[in-house]
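S.K.: my_file-v9.txt is reproduced in full below (compact mmCIF, C-alpha atoms and all ligand atoms).
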```txt
# COMPACT_ATOMS: atom_id res chain seq x y z
CA MET K 1381 0.00 0.00 0.00
CA THR K 1382 1.23 3.49 -0.83
CA ARG K 1383 2.57 5.27 2.27
CA THR K 1384 1.40 8.84 2.70
CA PHE K 1385 3.42 11.76 4.07
CA ALA K 1386 2.52 15.43 4.42
CA VAL K 1387 3.55 18.89 5.51
CA ILE K 1388 1.01 20.71 7.66
CA GLY K 1389 0.86 24.48 8.13
CA ASP K 1390 -0.90 27.64 7.09
CA PRO K 1391 -0.12 29.09 4.57
CA ILE K 1392 1.23 25.98 2.86
CA GLU K 1393 0.67 26.46 -0.91
CA HIS K 1394 4.23 27.64 -1.52
CA SER K 1395 5.98 24.91 0.49
CA LEU K 1396 8.78 23.21 -1.44
CA SER K 1397 8.66 20.10 0.78
CA PRO K 1398 6.25 18.09 -1.46
CA SER K 1399 8.53 18.58 -4.50
CA ILE K 1400 11.66 17.65 -2.54
CA HIS K 1401 10.22 14.47 -0.99
CA ASN K 1402 8.29 13.29 -4.04
CA ALA K 1403 11.46 13.59 -6.15
CA ALA K 1404 13.31 11.52 -3.54
CA PHE K 1405 10.59 8.81 -3.66
CA LYS K 1406 10.84 8.69 -7.43
CA ALA K 1407 14.64 8.50 -7.38
CA LEU K 1408 14.57 5.55 -4.96
CA ASN K 1409 11.46 3.92 -6.41
CA LEU K 1410 9.57 4.12 -3.10
CA ASP K 1411 5.80 3.58 -3.10
CA CYS K 1412 5.13 6.79 -1.18
CA THR K 1413 3.45 10.14 -1.72
CA TYR K 1414 3.88 13.51 0.04
CA ILE K 1415 1.19 16.18 0.08
CA ALA K 1416 0.73 19.72 1.42
CA TYR K 1417 -2.16 19.87 3.90
CA ARG K 1418 -3.40 23.26 5.04
CA ILE K 1419 -4.52 23.25 8.67
CA PRO K 1420 -5.54 26.66 10.06
CA ARG K 1421 -4.16 27.57 13.51
CA SER K 1422 -7.54 27.05 15.21
CA GLU K 1423 -8.12 23.58 13.66
CA LEU K 1424 -4.92 21.77 14.62
CA LYS K 1425 -6.64 19.26 16.94
CA GLU K 1426 -9.14 18.15 14.28
CA GLY K 1427 -6.45 18.17 11.59
CA ILE K 1428 -4.21 15.85 13.64
CA GLU K 1429 -7.15 13.54 14.32
CA SER K 1430 -7.77 13.21 10.57
CA LEU K 1431 -4.09 12.36 10.03
CA ARG K 1432 -4.40 9.58 12.63
CA GLN K 1433 -7.50 8.24 10.91
CA ILE K 1434 -5.86 7.96 7.50
CA LYS K 1435 -2.83 6.31 9.19
CA ILE K 1436 -0.41 8.88 7.83
CA SER K 1437 3.15 7.51 7.89
CA GLY K 1438 4.78 10.80 8.82
CA PHE K 1439 4.56 14.55 8.43
CA ASN K 1440 6.45 17.82 8.69
CA VAL K 1441 5.10 20.66 10.77
CA THR K 1442 5.59 24.29 9.86
CA ILE K 1443 4.31 27.78 10.73
CA PRO K 1444 2.17 28.27 12.82
CA HIS K 1445 2.04 24.80 14.45
CA LYS K 1446 5.60 23.95 15.52
CA ILE K 1447 5.07 24.72 19.21
CA GLU K 1448 1.35 23.89 19.51
CA MET K 1449 1.93 20.44 17.94
CA MET K 1450 4.02 19.35 20.93
CA GLN K 1451 0.85 18.60 22.95
CA TYR K 1452 -0.48 16.15 20.34
CA LEU K 1453 2.60 13.92 20.35
CA ASP K 1454 2.71 10.53 22.07
CA GLU K 1455 6.47 10.84 22.54
CA SER K 1456 9.18 13.34 21.63
CA SER K 1457 12.94 13.29 21.05
CA PRO K 1458 15.35 15.04 23.44
CA GLU K 1459 15.95 17.79 20.79
CA CYS K 1460 12.23 18.40 20.53
CA LYS K 1461 11.95 18.76 24.29
CA MET K 1462 14.98 21.04 24.51
CA ILE K 1463 13.77 23.36 21.73
CA GLY K 1464 10.09 23.15 22.70
CA ALA K 1465 9.09 22.77 19.06
CA VAL K 1466 8.54 19.93 16.56
CA ASN K 1467 9.02 19.92 12.78
CA THR K 1468 8.95 16.19 11.99
CA VAL K 1469 6.50 13.53 13.18
CA SER K 1470 6.81 9.81 12.55
CA ASN K 1471 3.91 7.40 12.98
CA GLU K 1472 5.49 4.42 14.70
CA ASN K 1473 2.88 1.65 15.23
CA GLY K 1474 0.12 4.20 15.73
CA LYS K 1475 2.16 6.46 18.00
CA PHE K 1476 3.05 9.97 16.86
CA ILE K 1477 6.72 10.51 17.72
CA GLY K 1478 8.07 14.06 17.44
CA TYR K 1479 11.52 15.11 16.25
CA ASN K 1480 13.17 18.42 15.49
CA THR K 1481 15.42 18.32 12.41
CA ASP K 1482 15.60 22.12 12.12
CA MET K 1483 18.47 22.29 14.60
CA ASP K 1484 20.77 19.74 12.93
CA GLY K 1485 19.53 20.81 9.49
CA PHE K 1486 20.71 24.32 10.33
CA LEU K 1487 24.09 23.09 11.59
CA GLU K 1488 24.79 20.78 8.65
CA PRO K 1489 26.00 23.44 6.12
CA ILE K 1490 28.32 24.91 8.79
CA LYS K 1491 29.83 21.49 9.50
CA LYS K 1492 30.09 20.68 5.81
CA ARG K 1493 32.33 23.73 5.40
CA SER K 1494 34.40 22.60 8.44
CA ILE K 1495 33.72 25.91 10.19
CA GLY K 1496 34.29 25.64 13.95
CA ILE K 1497 31.57 26.87 16.34
CA SER K 1498 33.14 26.00 19.69
CA GLY K 1499 34.34 29.14 21.52
CA GLU K 1500 32.92 31.55 18.90
CA SER K 1501 30.50 34.45 19.31
CA VAL K 1502 27.17 34.52 17.53
CA LEU K 1503 24.68 37.24 16.63
CA VAL K 1504 21.11 36.05 16.02
CA LEU K 1505 18.68 38.50 14.42
CA GLY K 1506 15.09 37.67 15.38
CA SER K 1507 13.37 35.86 18.24
CA GLY K 1508 10.72 33.66 16.62
CA GLY K 1509 10.33 29.88 16.45
CA ALA K 1510 13.20 29.38 14.01
CA ALA K 1511 15.58 31.31 16.26
CA ARG K 1512 14.93 28.87 19.15
CA ALA K 1513 16.12 25.84 17.17
CA ILE K 1514 19.15 27.83 15.99
CA VAL K 1515 20.32 28.98 19.43
CA ALA K 1516 19.87 25.40 20.66
CA GLY K 1517 22.16 24.28 17.81
CA PHE K 1518 24.85 26.80 18.75
CA ALA K 1519 24.50 25.80 22.40
CA LYS K 1520 24.96 22.13 21.49
CA GLU K 1521 28.13 23.02 19.58
CA ARG K 1522 29.45 25.04 22.53
CA ALA K 1523 29.45 28.57 21.14
CA LYS K 1524 31.02 31.01 23.60
CA LYS K 1525 28.34 33.68 23.55
CA ILE K 1526 25.05 34.30 21.75
CA THR K 1527 23.64 37.81 21.37
CA ILE K 1528 20.00 38.18 20.37
CA ALA K 1529 18.92 41.30 18.47
CA ASN K 1530 15.24 41.84 17.82
CA ARG K 1531 12.78 44.61 16.97
CA THR K 1532 10.64 43.72 19.99
CA ILE K 1533 13.16 43.89 22.80
CA GLN K 1534 11.05 41.89 25.24
CA LYS K 1535 11.15 38.88 22.91
CA ALA K 1536 14.93 39.27 22.56
CA GLN K 1537 15.17 39.22 26.34
CA GLU K 1538 13.04 36.04 26.56
CA LEU K 1539 15.10 34.21 23.95
CA SER K 1540 18.29 35.31 25.66
CA LYS K 1541 16.99 33.82 28.91
CA PHE K 1542 16.13 30.58 27.11
CA THR K 1543 19.69 30.56 25.67
CA SER K 1544 21.30 31.06 29.09
CA GLY K 1545 19.18 28.14 30.30
CA LEU K 1546 20.95 25.98 27.71
CA GLY K 1547 24.25 26.80 29.42
CA VAL K 1548 25.59 29.46 27.03
CA GLU K 1549 26.44 33.05 27.92
CA SER K 1550 23.85 35.29 26.29
CA ASP K 1551 22.73 38.91 26.08
CA HIS K 1552 20.36 40.97 23.95
CA THR K 1553 20.43 44.24 22.08
CA THR K 1554 18.36 46.46 19.82
CA LEU K 1555 18.89 46.14 16.08
CA SER K 1556 20.28 49.67 15.84
CA ASP K 1557 22.94 49.00 18.50
CA VAL K 1558 24.40 45.90 16.82
CA ASP K 1559 28.21 45.94 16.48
CA VAL K 1560 29.11 43.19 13.98
CA SER K 1561 32.81 43.32 14.87
CA LYS K 1562 32.06 41.36 18.06
CA TYR K 1563 30.87 38.21 16.25
CA LYS K 1564 32.03 35.49 13.91
CA PHE K 1565 28.53 34.26 13.02
CA ILE K 1566 25.69 36.55 11.88
CA ILE K 1567 22.38 34.74 11.45
CA ASN K 1568 19.18 36.24 10.10
CA THR K 1569 16.09 34.38 11.35
CA THR K 1570 13.64 37.26 10.77
CA SER K 1571 11.31 37.52 7.81
CA VAL K 1572 13.05 40.70 6.67
CA GLY K 1573 14.42 39.98 3.19
CA LEU K 1574 11.50 37.85 2.01
CA LYS K 1575 10.20 40.87 0.14
CA ASN K 1576 13.61 42.14 -0.92
CA GLU K 1577 13.83 44.63 1.96
CA SER K 1578 17.20 46.13 2.94
CA SER K 1579 19.23 44.35 5.62
CA LEU K 1580 18.18 45.04 9.23
CA ILE K 1581 21.79 45.76 10.21
CA SER K 1582 24.55 47.81 8.62
CA THR K 1583 26.77 45.58 6.48
CA ASN K 1584 29.68 48.08 6.13
CA LYS K 1585 31.84 46.32 8.72
CA ILE K 1586 31.12 42.77 7.61
CA ASN K 1587 34.33 41.24 6.28
CA THR K 1588 36.18 38.06 5.40
CA ASN K 1589 36.21 36.91 9.07
CA HIS K 1590 32.41 36.66 9.22
CA VAL K 1591 30.09 33.77 8.45
CA VAL K 1592 26.75 35.21 7.31
CA TYR K 1593 23.82 32.80 7.22
CA ASP K 1594 20.32 33.92 6.22
CA ILE K 1595 17.63 31.27 6.68
CA ILE K 1596 15.38 32.91 4.07
CA TYR K 1597 15.45 30.71 0.96
CA MET K 1598 13.13 32.68 -1.28
CA PRO K 1599 14.64 34.84 -2.69
CA MET K 1600 17.82 32.79 -2.65
CA SER K 1601 19.96 35.85 -1.90
CA THR K 1602 18.69 38.58 0.44
CA ASP K 1603 20.20 42.06 0.69
CA LEU K 1604 22.15 40.93 3.79
CA ILE K 1605 23.67 38.05 1.80
CA THR K 1606 24.39 40.11 -1.33
CA GLN K 1607 26.16 42.87 0.64
CA SER K 1608 28.09 40.41 2.83
CA LYS K 1609 29.24 38.50 -0.24
CA LYS K 1610 30.58 41.74 -1.73
CA ASN K 1611 32.58 42.16 1.50
CA SER K 1612 34.03 38.62 1.11
CA ALA K 1613 32.27 37.03 4.10
CA THR K 1614 31.61 33.28 4.07
CA ILE K 1615 28.00 32.89 2.90
CA ILE K 1616 25.48 30.18 3.82
CA TYR K 1617 22.13 30.21 2.03
CA GLY K 1618 18.72 29.46 3.50
CA TYR K 1619 18.03 26.67 1.01
CA GLU K 1620 20.88 24.72 2.62
CA MET K 1621 19.01 24.59 5.95
CA LEU K 1622 15.78 23.63 4.17
CA LEU K 1623 17.65 20.80 2.46
CA GLY K 1624 19.37 19.77 5.69
CA GLN K 1625 16.14 19.41 7.65
CA ALA K 1626 14.43 17.57 4.76
CA VAL K 1627 17.28 15.04 4.43
CA LEU K 1628 17.15 14.31 8.18
CA ALA K 1629 13.34 13.95 8.16
CA PHE K 1630 13.61 11.55 5.20
CA GLN K 1631 16.09 9.42 7.13
CA ILE K 1632 13.85 9.28 10.21
CA TRP K 1633 10.89 8.08 8.13
CA HIS K 1634 12.58 5.70 5.70
CA LYS K 1635 15.64 4.59 7.69
CA ILE K 1636 17.81 4.74 4.56
CA PRO K 1637 20.17 7.48 3.31
CA ALA K 1638 18.34 10.30 1.50
CA PRO K 1639 19.14 10.98 -2.18
CA TYR K 1640 20.83 14.30 -1.32
CA ASP K 1641 21.76 15.36 -4.85
CA THR K 1642 18.25 14.74 -6.21
CA MET K 1643 16.70 16.72 -3.36
CA LYS K 1644 19.16 19.57 -3.82
CA LYS K 1645 18.54 19.71 -7.57
CA VAL K 1646 14.79 19.99 -7.08
CA LEU K 1647 15.23 22.68 -4.50
CA LEU K 1648 17.57 24.78 -6.63
CA GLY K 1649 15.27 24.37 -9.61
CA GLY K 1650 12.38 25.63 -7.50
CA VAL K 1651 14.03 28.67 -5.92
P1 LIG Z 1701 9.52 32.24 12.77
O1 LIG Z 1701 8.76 31.32 13.66
O2 LIG Z 1701 9.65 31.76 11.36
O3 LIG Z 1701 10.86 32.64 13.32
P2 LIG Z 1701 8.08 34.59 13.69
O4 LIG Z 1701 7.83 33.97 14.99
O5 LIG Z 1701 6.95 35.31 13.04
O6 LIG Z 1701 8.62 33.56 12.62
O7 LIG Z 1701 9.32 35.59 13.85
C1 LIG Z 1701 9.59 36.54 12.92
C2 LIG Z 1701 10.79 37.38 13.37
O8 LIG Z 1701 11.00 38.39 12.38
C3 LIG Z 1701 10.58 38.10 14.69
O9 LIG Z 1701 11.80 38.15 15.38
C4 LIG Z 1701 10.14 39.50 14.23
O10 LIG Z 1701 10.41 40.54 15.14
P3 LIG Z 1701 9.36 40.93 16.30
O11 LIG Z 1701 9.59 39.94 17.40
O12 LIG Z 1701 9.71 42.29 16.69
O13 LIG Z 1701 7.98 40.81 15.69
C5 LIG Z 1701 11.01 39.68 13.02
N1 LIG Z 1701 10.48 40.70 12.10
C6 LIG Z 1701 9.45 40.58 11.25
N2 LIG Z 1701 9.25 41.72 10.55
C7 LIG Z 1701 10.20 42.62 10.97
C8 LIG Z 1701 10.57 43.97 10.62
N3 LIG Z 1701 9.90 44.64 9.68
N4 LIG Z 1701 11.60 44.53 11.26
C9 LIG Z 1701 12.31 43.86 12.20
N5 LIG Z 1701 12.03 42.57 12.57
C10 LIG Z 1701 11.00 41.95 11.97
```
Mind turning this structure into structure tokens?
Ligand code: ATR
M.R.:
Amino acid sequence: MTRTFAVIGDPIEHSLSPSIHNAAFKALNLDCTYIAYRIPRSELKEGIESLRQIKISGFNVTIPHKIEMMQYLDESSPECKMIGAVNTVSNENGKFIGYNTDMDGFLEPIKKRSIGISGESVLVLGSGGAARAIVAGFAKERAKKITIANRTIQKAQELSKFTSGLGVESDHTTLSDVDVSKYKFIINTTSVGLKNESSLISTNKINTNHVVYDIIYMPMSTDLITQSKKNSATIIYGYEMLLGQAVLAFQIWHKIPAPYDTMKKVLLGGV
């Protein structure tokens, strides 16, 4: 019988996950299908019930359900518990088991480039759900200090507290007070750039010593990335994190290596 997978969220029409996973199924000749399923914020409970009824094999969870979904899991991985959010669910003998592949999916392109994190300072722009998985990743890799900069200062303060709780020194600042010279890593987790807006921080002092990583994947290059590239910083693109989390979710569900090159090709064709 064909195994069914899905991504749930709202909005969901523009998700690239169905294309990535369906191409992987085709490449490996797996009798599986992956669909986008729109579940509005207020209908998560009913939506999850319907997924149980159709005996879904697994699903990804995206905005706005990553945190809310935690309460509908039968079990969750240590990463999921640490981050307080879930992006991948596997149906194991009728039990919904939650995982978070955002954290390791984020770290993968850094590791692939053999860039060290241990002992380094990090600037994270934004304090939303994505930022939580990212600070947890830097904490796991023993970054020295993580500074959170956000428009709403109270949210920066909360995320900084969460970060300290993970055992890493942390502080927060306003976007206008950011001094990039203090950091090796500069990470944009905000939605600023999605609509081709200018970078939230001044890029004048970004140089060859910086690693600039913007998790926005559409457009592929934001203003922050374009300017930082001109200044010879090491660049990591948002599509790399999207690919990283998809590869890890694939491996959780199918317990075989993911066809990385096929998935990457589809992604680059679609962005
Ligand atoms: P996600 O879960 O994907 O991280 P989110 O929770 O909506 O999404 O977070 C979006 C982030 O982008 C927030 O940090 C938000 O800042 P606020 O906390 O002040 O809302 C940031 N953001 C969105 N639009 C912004 C803008 N125009 N200027 C500065 N920051 C912005």
S.K.: Expressed in Å to a single decimal, how great is the separation between CA of His1552 (chain K) and CA of Ile1616 (chain K)?
M.R.: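 So the two atoms, CA of His1552 (chain K) and CA of Ile1616 (chain K), lie 23.4 Å apart.
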S.K.: Please, which residues have at least one atom within 9 Å of an atom of ligand LIG 1701 (chain Z), using only C-alpha atoms and all ligand atoms, listed as a PyMOL selection string?
M.R.: chain K and resi 1442-1444+1446+1505-1512+1529-1536+1555+1568-1572+1577+1580
S.K.: Set the distance at 8 Å and use only C-alpha atoms: which residues neighbour region 1632-1639 of chain K once local chain neighbours fewer than 2 positions away are removed? I'd like the list as a count of residues only.
M.R.: 13
S.K.: Please indicate the distance in Å from CA of Arg1383 (chain K) to CA of Leu1431 (chain K), rounded to one decimal place.
M.R.: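 Distance reported for this atom pair: 12.4 Å.
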S.K.: Of the candidates K:Thr1583, K:Met1621, K:Asn1589, K:Phe1385, which shows the shortest atom-to-atom distance to Phe1405 (chain K), using only C-alpha atoms?
M.R.: K:Phe1385
S.K.: Leaving out Lys1575 (chain K) and any residue of its chain fewer than 3 positions from it, which residues lie within 12 Å of it when counting all atoms listed in the file, given as a PyMOL selection string?
M.R.: chain K and resi 1570-1572+1578-1579+1596-1603
S.K.: Skipping near chain neighbours, those fewer than 3 positions away, what residues fall within 9 Å of Lys1585 (chain K) using only C-alpha atoms, listed as a list in words?
M.R.: Asp1559, Val1560, Ser1561, Ser1582 and Asn1611 of chain K
